[in-house]
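Notes follow the structure.
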Number of protein chains: 2
Amino acid sequence: MTQPLIFYFDFSSPYGYLASTRIDALAAKHGRDVIWKPILLGVAFKTTGQTPLPMVPLKGDYSRHDFARSARYHGIAFRQPTVFPIASQAPSRAFYWLNERDAEAAKQLARELYRAYFLDDVNISNPSDTVAVAARMGLDPAQVEAALNDPVVKEKTKTEVEAAIAKGVFGSPYFLIDHEPFWGMDRFDQMERWLALGGF
Amino acid sequence: MTQPLIFYFDFSSPYGYLASTRIDALAAKHGRDVIWKPILLGVAFKTTGQTPLPMVPLKGDYSRHDFARSARYHGIAFRQPTVFPIASQAPSRAFYWLNERDAEAAKQLARELYRAYFLDDVNISNPSDTVAVAARMGLDPAQVEAALNDPVVKEKTKTEVEAAIAKGVFGSPYFLIDHEPFWGMDRFDQMERWLALGGF
């Protein structure tokens with residue numbers, strides 16, 4: 001019962017961003033670590049036949065309203081990005097590249113990338129913007145840029161995304177506590193009880 | 001600020017059923033009444049291009065697991081119906097027919113229909129099963145059966161569903177507090193704060 005939680009998220013996902021600001025504290029409260037795993041929702045949607053939320057009629061309009069309202073409800077700073085949604089290959093590759101060297105630094109990079117996108121309106125789907133965010137953290141821009149084009153890093157990212165889908169991941173945020181799946185920022189209440197009681 | 005809440009739901013929706021057991025108490029706590037409005041998600045899905053949740057790969061399996069877990073979390077009795085999802089014309093028409101006569105009795109019928117489907121595994125998409133549930137409440141079975149085939153009742157139901165979609169309703173449960181929309185059993189926490197503060 002001391003396995004780390006797994007936190008799957010897409011860098012383009014507002015609810016993933018909201019969850020990213022809270023998941024480590026929730027897990028720590030129950031003596032758990034968190035493994036972060038960016039995914040590419042576009043690839044998952046090919047499996048499930050889903051349309052990105054903002055493109056669904058009616059639901060898309062509601063969602064844009066709900067992103068900001070949910071952020072206010074939870075007291076999390078949020079600004080709707082101008083370009084939305086975005087392809088999240090560049091930030092995901094940067095993450096998995098750094099993760100092989102230093103998992104804590106990779107988490108910190110993910111937080112900075114999320115903040116750049118959802119607070120500063122930086123389009124992190126551009127490799128140059130992802131590199132700039134990494135550089136501000138003190139990482140070598142040339143190395144990060146090389147990593148984004150490295151076939152090994154691309155393959156690693158692809159493998160992680162496929163492994164996530166094979167485990168049933170279809171959305172963001174998506175969590176595994178031991179083998180129990182939870183989808184959505186709005187399952188934090190159930191996760192809290194699950195962590196406290198080991199099930200219910 | 002004393003307008004009734006509007007509660008949209010589909011008789012085939014597990015989250016709609018869960019919400020139906022709680023919404024009147026939540027509203028009453030804040031001095032509000034609730035207007036119940038059954039909808040036909042199948043019709044809404046034609047507008048949004050969505051697939052019924054249980055049919056979506058990965059998401060469908062997760063959802064079936066989440067229905068039962070969410071019911072346990074909230075302490076609400078629930079049994080996954082054998083036939084699921086179902087077309088909900090018959091119970092919706094029975095509701096709108098009775099609603100024109102007695103709104104409180106119509107709510108009570110809705111509760112009984114939900115219980116029949118989600119506790120007793122009665123397939124309320126069959127007109128005869130909807131009639132039987134209504135008869136147990138003391139309604140005249142011949143009158144209810146006639147209502148289900150009455151073109152005026154069919155038209156009233158269709159009009160209500162179209163009006164809901166025109167207001168942006170795309171899922172179940174869906175709520176309007178004044179003009180503020182909330183989708184899902186998992187927005188009760190936000191609704192509670194909205195009712196208390198009149199916004200946030």
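Residues are named by chain letter and number: chains run A, B, ... in the order of the structure tokens, numbers start at 1 in each chain, and ligands are numbered from 1 in the order shown.
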
Worksheet entry | Residues of chain A within 9 Å of chain B, only C-alpha atoms counted, as a list in words | Thr47, Thr48, Gly49, Gln50, Thr51, Val56, Pro57, Leu58, Lys59, Asp61, Tyr62, Asp66, Arg69, Ser70, Arg72, Tyr73, Ile165, Gly168, Val169, Phe170, Gly171, Pro181, Phe182, Trp183, Asp186, Arg187, Gln190, Arg193 and Phe200 of chain A

Item to complete: Using DSSP on the backbone coordinates, identify the residues of segment 23-179 of chain B assigned to strand (DSSP E); present them as a PyMOL selection string.
Response: chain B and resi 34-38+174-177

Keeping only C-alpha atoms, write the selected residues to a file as a PDB file, in the first residue's frame.
```pdb
ATOM      1  CA  VAL B  34     -36.380  22.442  -8.073  1.00  0.00           C
ATOM      2  CA  ILE B  35     -38.088  22.019 -11.432  1.00  0.00           C
ATOM      3  CA  TRP B  36     -37.421  18.535 -12.838  1.00  0.00           C
ATOM      4  CA  LYS B  37     -37.117  18.124 -16.592  1.00  0.00           C
ATOM      5  CA  PRO B  38     -36.426  14.719 -18.131  1.00  0.00           C
ATOM      6  CA  TYR B 174     -27.404  19.214 -15.951  1.00  0.00           C
ATOM      7  CA  PHE B 175     -28.517  22.081 -13.748  1.00  0.00           C
ATOM      8  CA  LEU B 176     -29.349  25.740 -14.161  1.00  0.00           C
ATOM      9  CA  ILE B 177     -29.082  27.980 -11.113  1.00  0.00           C
TER      10      ILE B 177
END
```

Discussion item. Please list as an MDAnalysis selection string every residue within 10 Å of Val152 of chain A, counting only C-alpha atoms and excluding residues in the same chain fewer than 6 positions away.
Written reply: chainID A and resid 93 97 158

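Those residues that approach Ile23 of chain A to within 9 Å, counting only C-alpha atoms, are Phe7, Ala28, Val34 and Phe188 of chain A; same-chain residues fewer than 5 positions away are not listed.
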
Grab the residues selected above and save them as a PDB file, in the first residue's frame with N, CA and C atoms.
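Output contents, as saved in out-v2.pdb:
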```pdb
ATOM      1  N   PHE A   7       0.097   9.695 -12.159  1.00  0.00           N
ATOM      2  CA  PHE A   7      -0.669  10.872 -12.595  1.00  0.00           C
ATOM      3  C   PHE A   7      -0.427  11.065 -14.091  1.00  0.00           C
ATOM      4  N   ALA A  28       1.104  13.148  -0.653  1.00  0.00           N
ATOM      5  CA  ALA A  28       2.028  13.265   0.486  1.00  0.00           C
ATOM      6  C   ALA A  28       1.288  13.122   1.814  1.00  0.00           C
ATOM      7  N   VAL A  34       4.300  10.513  -6.143  1.00  0.00           N
ATOM      8  CA  VAL A  34       3.538  10.582  -7.397  1.00  0.00           C
ATOM      9  C   VAL A  34       4.483  10.462  -8.579  1.00  0.00           C
ATOM     10  N   PHE A 188     -11.005  14.010  -6.927  1.00  0.00           N
ATOM     11  CA  PHE A 188     -10.077  14.168  -5.800  1.00  0.00           C
ATOM     12  C   PHE A 188     -10.740  13.759  -4.474  1.00  0.00           C
TER      13      PHE A 188
END
```

Worksheet entry | Picked from segment 127-189 of chain B by DSSP as helix (DSSP H, G or I), as an MDAnalysis selection string | chainID B and resid 127:136 141:148 151:166 185:189

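The space separating atom CA of Ala90 of chain B from atom CA of Pro127 of chain B comes to 5.4 Å.
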
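Shortest separation to Arg115 of chain A among A:Leu18, A:Ala163, A:Ile86, A:Leu197 occurs at residue A:Leu18, atoms counted being only C-alpha atoms.
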